[in-house]
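Before any comments, here is the structure.
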Amino acid sequence: MSKPVVAIVGRPNVGKSTLFNKLIGQRLSIVDDTPGVTRDRIYGDCEWLGRQMLLIDTGGIEPHSDDVILKQMRRQADLAIESADVIVMITDLHDGVVATDQEVAAMLQKSGKPVVLAVNKCDFIGEVPPDFYEFYNLGLGDPVAVSAVHGRGTGDLLDEVLKYLPDETTEEDENETIKVAIIGKPNAGKSSLVNRMCGEERVIVSDIAGTTRDATDTYVSNEYGDFMFIDTAGLRRKSRVRGAGDVIEKYSIIRAQLAIERANVCVIMIDAVEGFTEQDSKIAGLAHEAGKGCIIAVNKWDAKEKDGNTMQKEREKLMNDFSFMSYVPIVFISAKTGQRVDRLYELIRFVDDQNAMRISTGKLNDILADATTRVQPPTDKGRRLKIYYMTQASTRPPTFVCFVNRKDLFHYSYQRYIDNQIRGVFGLEGTPTRYIIRERDRKDFK
């Protein structure tokens, strides 16, 4: 089940990003380590009282601005509001209630979404000042006093957010429908691919507009199984206006992140004519970081000038470009002509199975014993790494726990070696893996 979405909105310079960073600060050091993912984050995971949620930070809302960048920021905020389960509106105690605050509040009321009002910059201990009560005039209920800089009041704020989150359920899909996110840059052919896959396999097809996600879910059932395609076409349009690109890029990242969060498998669309770009790496990195099954689909292959070695050369280049996702399969397709589109169905089911694979502890430790015999674990100052045993903790993605004598000796290079040995036996094609290293003494196992 996907995490509920909480959008942080407000006019410019009221402290939205500061509060956002404070709420997800404990996670930043983890998620920033993934290659290929931008560090200029506008989304992040937050946990409070055992509930997981996805926070979205937005640019400041200027309802009536004609500035191109501010208009794009408003568009980004509109998307976040449409996608959110709960909205947090941030205001500034020092400025008081200004006209823009009233306009933003009116816009949020029209959205019909639950709104929690936060009054930022309450950087004091004790009773709130009389100016605080002015914010009741916004008509959004009881405001919550917070200090984004110092973290005061953030617990009270999250308590209010939790009241409005949808009930947490553990229900599983009644059928084995595979949820597939089609992600990538604009104009890579995402909608064309969805239309092609639906139009030629028209057994059971229905279009259902997402109620809490700004996307269209398309259900398809055929000889390959049951699929739900999440189309994120129209992520953004390339602006011809100088200076708007960065904001529009953030807008596209939000759309991709929301789709990835719901998916089992992500099909990462690359434009064969344009070739690999940094934005492709960023979007692919989101799926990698989320632990989803991944496939790279190089579209518009029919329009690519080719010779006898073009496909092999392109495959090698993409493997280098996506070196942090060396496990991912690459398929060359044409959504326009249908070339190799059927192959995608087979790959999606295969990658979904790989992402959900569970390996017994006995088999894992047989591989571990063989691997450590072939290549001795690293040493430091006469002390050698000992890996006592390993077990699989979870799936989606496959996550392994290794019990060792010293964590600092289990270098990344040796961890990658062990991972390659496991993949050599079980495949795990199209799925990332995770490793949790636990330090124990041998006497703990007696």
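For the structure tokens, the naming scheme is as follows: chains receive sequential letters (A, B, ...) according to their order of presentation, residues are indexed from 1 within each chain, and ligands are indexed from 1 in presentation order.
With only C-alpha atoms taken into account, the protein and nucleic acid residues at most 9 Å from Asp142 (chain A) (excluding it and anything under 5 positions from it in its own chain) are Val116, Leu117, Ala118, Phe135 and Tyr136 of chain A.
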Assign secondary structure with DSSP using the backbone only, and return the residues of region 302-434 of chain A in strand (DSSP E or B) as a VMD selection string.
-> chain A and resid 330 to 332 334 339 379 to 380 383 to 384 387 to 394 399 to 404 434
Residues near Ala272 (chain A), cut-off 7 Å, only C-alpha atoms, skip fewer than 4 positions along chain, as a ChimeraX atom specification = /A:298-301,304
Atoms kept (N, CA, C and O atoms) for selection, written as an mmCIF file, in the first residue's frame:
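The resulting file, part-v5.cif, is reproduced below:
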```cif
data_model
loop_
_atom_site.group_PDB
_atom_site.id
_atom_site.type_symbol
_atom_site.label_atom_id
_atom_site.label_comp_id
_atom_site.auth_asym_id
_atom_site.auth_seq_id
_atom_site.Cartn_x
_atom_site.Cartn_y
_atom_site.Cartn_z
ATOM 1 N N VAL A 298 14.015 1.797 -24.243
ATOM 2 C CA VAL A 298 14.518 2.808 -25.159
ATOM 3 C C VAL A 298 13.518 2.934 -26.294
ATOM 4 O O VAL A 298 13.416 2.057 -27.156
ATOM 5 N N ASN A 299 12.746 4.008 -26.272
ATOM 6 C CA ASN A 299 11.650 4.198 -27.231
ATOM 7 C C ASN A 299 12.132 4.940 -28.484
ATOM 8 O O ASN A 299 13.222 5.502 -28.506
ATOM 9 N N LYS A 300 11.293 4.926 -29.502
ATOM 10 C CA LYS A 300 11.561 5.570 -30.795
ATOM 11 C C LYS A 300 12.758 4.908 -31.505
ATOM 12 O O LYS A 300 13.500 5.565 -32.237
ATOM 13 N N TRP A 301 12.913 3.599 -31.262
ATOM 14 C CA TRP A 301 14.021 2.892 -31.887
ATOM 15 C C TRP A 301 13.866 2.861 -33.405
ATOM 16 O O TRP A 301 14.852 2.753 -34.135
ATOM 17 N N LYS A 304 15.721 5.756 -35.022
ATOM 18 C CA LYS A 304 17.162 5.830 -34.789
ATOM 19 C C LYS A 304 17.915 5.322 -36.019
ATOM 20 O O LYS A 304 17.599 4.259 -36.561
#
```
Within 8 Å of Ala77 (chain A), counting only C-alpha atoms, which residues qualify if same-chain residues fewer than 4 places away don't, as a ChimeraX atom specification?
-> /A:9,58-61,73,81
Excluding region 144-158 of chain A and any residue of its chain fewer than 3 positions from it, enumerate the residues within 10 Å of it, using only C-alpha atoms, and give them as a PyMOL selection string.
-> chain A and resi 14-23+46-49+88+90-93+116-125+128+132+135+141+161-163
Could you dump the residues just selected with N, CA and C atoms as a CSV table (one decimal), in the first residue's frame?
```csv
chain,number,residue,atom,x,y,z
A,14,VAL,N,8.0,31.8,4.1
A,14,VAL,CA,7.4,31.6,5.4
A,14,VAL,C,8.1,30.4,6.1
A,15,GLY,N,9.0,29.7,5.5
A,15,GLY,CA,9.8,28.7,6.2
A,15,GLY,C,9.3,27.3,5.8
A,16,LYS,N,8.7,27.1,4.6
A,16,LYS,CA,8.3,25.8,4.2
A,16,LYS,C,9.4,24.8,4.1
A,17,SER,N,10.5,25.2,3.4
A,17,SER,CA,11.6,24.2,3.2
A,17,SER,C,12.3,23.9,4.5
A,18,THR,N,12.4,24.9,5.4
A,18,THR,CA,13.0,24.7,6.7
A,18,THR,C,12.3,23.7,7.5
A,19,LEU,N,10.9,23.8,7.5
A,19,LEU,CA,10.1,22.8,8.2
A,19,LEU,C,10.2,21.5,7.6
A,20,PHE,N,10.2,21.4,6.2
A,20,PHE,CA,10.3,20.2,5.5
A,20,PHE,C,11.6,19.5,5.9
A,21,ASN,N,12.7,20.2,5.9
A,21,ASN,CA,14.0,19.6,6.2
A,21,ASN,C,14.0,19.1,7.6
A,22,LYS,N,13.4,19.8,8.5
A,22,LYS,CA,13.3,19.4,9.9
A,22,LYS,C,12.6,18.1,10.1
A,23,LEU,N,11.4,18.0,9.4
A,23,LEU,CA,10.6,16.8,9.5
A,23,LEU,C,11.2,15.5,8.9
A,46,CYS,N,8.7,10.6,5.9
A,46,CYS,CA,8.6,11.1,7.3
A,46,CYS,C,7.8,10.0,8.1
A,47,GLU,N,8.2,9.8,9.3
A,47,GLU,CA,7.6,8.8,10.2
A,47,GLU,C,7.2,9.4,11.5
A,48,TRP,N,6.0,9.2,11.9
A,48,TRP,CA,5.6,9.7,13.2
A,48,TRP,C,4.6,8.7,13.9
A,49,LEU,N,4.9,8.3,15.1
A,49,LEU,CA,4.1,7.4,15.9
A,49,LEU,C,3.8,6.1,15.1
A,88,VAL,N,-0.6,20.9,4.7
A,88,VAL,CA,-0.1,21.7,5.8
A,88,VAL,C,0.1,23.1,5.2
A,90,ILE,N,1.6,26.8,5.8
A,90,ILE,CA,2.6,27.5,6.7
A,90,ILE,C,2.4,29.0,6.6
A,91,THR,N,2.3,29.7,7.7
A,91,THR,CA,2.3,31.1,7.8
A,91,THR,C,3.4,31.6,8.7
A,92,ASP,N,3.5,33.0,8.7
A,92,ASP,CA,4.6,33.6,9.4
A,92,ASP,C,4.1,34.5,10.5
A,93,LEU,N,4.4,34.2,11.8
A,93,LEU,CA,4.0,34.9,12.9
A,93,LEU,C,4.4,36.4,12.8
A,116,VAL,N,-4.2,21.5,7.8
A,116,VAL,CA,-3.7,21.8,9.1
A,116,VAL,C,-2.9,23.1,9.0
A,117,LEU,N,-3.2,24.1,9.8
A,117,LEU,CA,-2.6,25.4,9.7
A,117,LEU,C,-1.5,25.5,10.7
A,118,ALA,N,-0.3,25.9,10.2
A,118,ALA,CA,0.9,26.0,11.1
A,118,ALA,C,1.4,27.5,11.1
A,119,VAL,N,1.6,28.0,12.2
A,119,VAL,CA,2.1,29.4,12.4
A,119,VAL,C,3.6,29.3,12.7
A,120,ASN,N,4.5,29.6,11.8
A,120,ASN,CA,5.9,29.4,11.9
A,120,ASN,C,6.6,30.6,12.6
A,121,LYS,N,7.8,30.4,13.1
A,121,LYS,CA,8.6,31.4,13.7
A,121,LYS,C,8.1,31.7,15.1
A,122,CYS,N,7.5,30.8,15.8
A,122,CYS,CA,7.1,30.9,17.2
A,122,CYS,C,8.3,30.4,18.0
A,123,ASP,N,9.4,31.2,17.9
A,123,ASP,CA,10.7,30.8,18.5
A,123,ASP,C,10.8,31.2,20.0
A,124,PHE,N,9.9,30.7,20.8
A,124,PHE,CA,9.9,31.1,22.2
A,124,PHE,C,9.3,30.0,23.0
A,125,ILE,N,9.5,30.1,24.3
A,125,ILE,CA,8.9,29.1,25.2
A,125,ILE,C,7.8,29.7,26.0
A,128,VAL,N,1.8,31.7,23.7
A,128,VAL,CA,1.9,32.4,22.4
A,128,VAL,C,1.5,33.8,22.6
A,132,PHE,N,-0.7,35.7,17.6
A,132,PHE,CA,-1.0,34.3,17.1
A,132,PHE,C,-2.4,34.1,16.8
A,135,PHE,N,-4.5,34.4,13.4
A,135,PHE,CA,-4.5,33.4,12.3
A,135,PHE,C,-5.8,32.6,12.3
A,141,GLY,N,-9.4,26.5,11.2
A,141,GLY,CA,-9.4,25.8,12.4
A,141,GLY,C,-8.3,26.3,13.3
A,161,VAL,N,-1.8,16.2,11.8
A,161,VAL,CA,-1.8,15.6,10.5
A,161,VAL,C,-2.3,14.1,10.6
A,162,LEU,N,-1.9,13.4,11.6
A,162,LEU,CA,-2.3,12.0,11.7
A,162,LEU,C,-3.8,11.8,11.9
A,163,LYS,N,-4.4,12.9,12.4
A,163,LYS,CA,-5.9,12.8,12.6
A,163,LYS,C,-6.6,12.7,11.3
```
From region 209-430 of chain A, collect each residue whose DSSP state is alpha helix (DSSP H) and return the set as a PyMOL selection string.
-> chain A and resi 245-262+278-289+310-321+341-355+361-374+412-426
For Tyr412 (chain A), which residue among A:Ala263, A:Met269, A:Leu364, A:Ile437 is the nearest when counting only C-alpha atoms?
->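 Comparing A:Ala263, A:Met269, A:Leu364, A:Ile437 against Tyr412 (chain A), the winner is A:Ile437.
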Using only C-alpha atoms, determine which residues lie at most 10 Å from region 314-322 of chain A, disregarding the query and same-chain residues fewer than 5 positions distant; provide the list as a list of chain:residue names.
-> A:Pro35, A:Gly36, A:Ile270, A:Ala272, A:Gly275, A:Phe276, A:Thr277, A:Glu278, A:Asp280, A:Ser281, A:Ala284, A:Gly285, A:Ile296, A:Val298, A:Asn309, A:Tyr327, A:Val328, A:Pro329, A:Ile330, A:Val331, A:Phe332
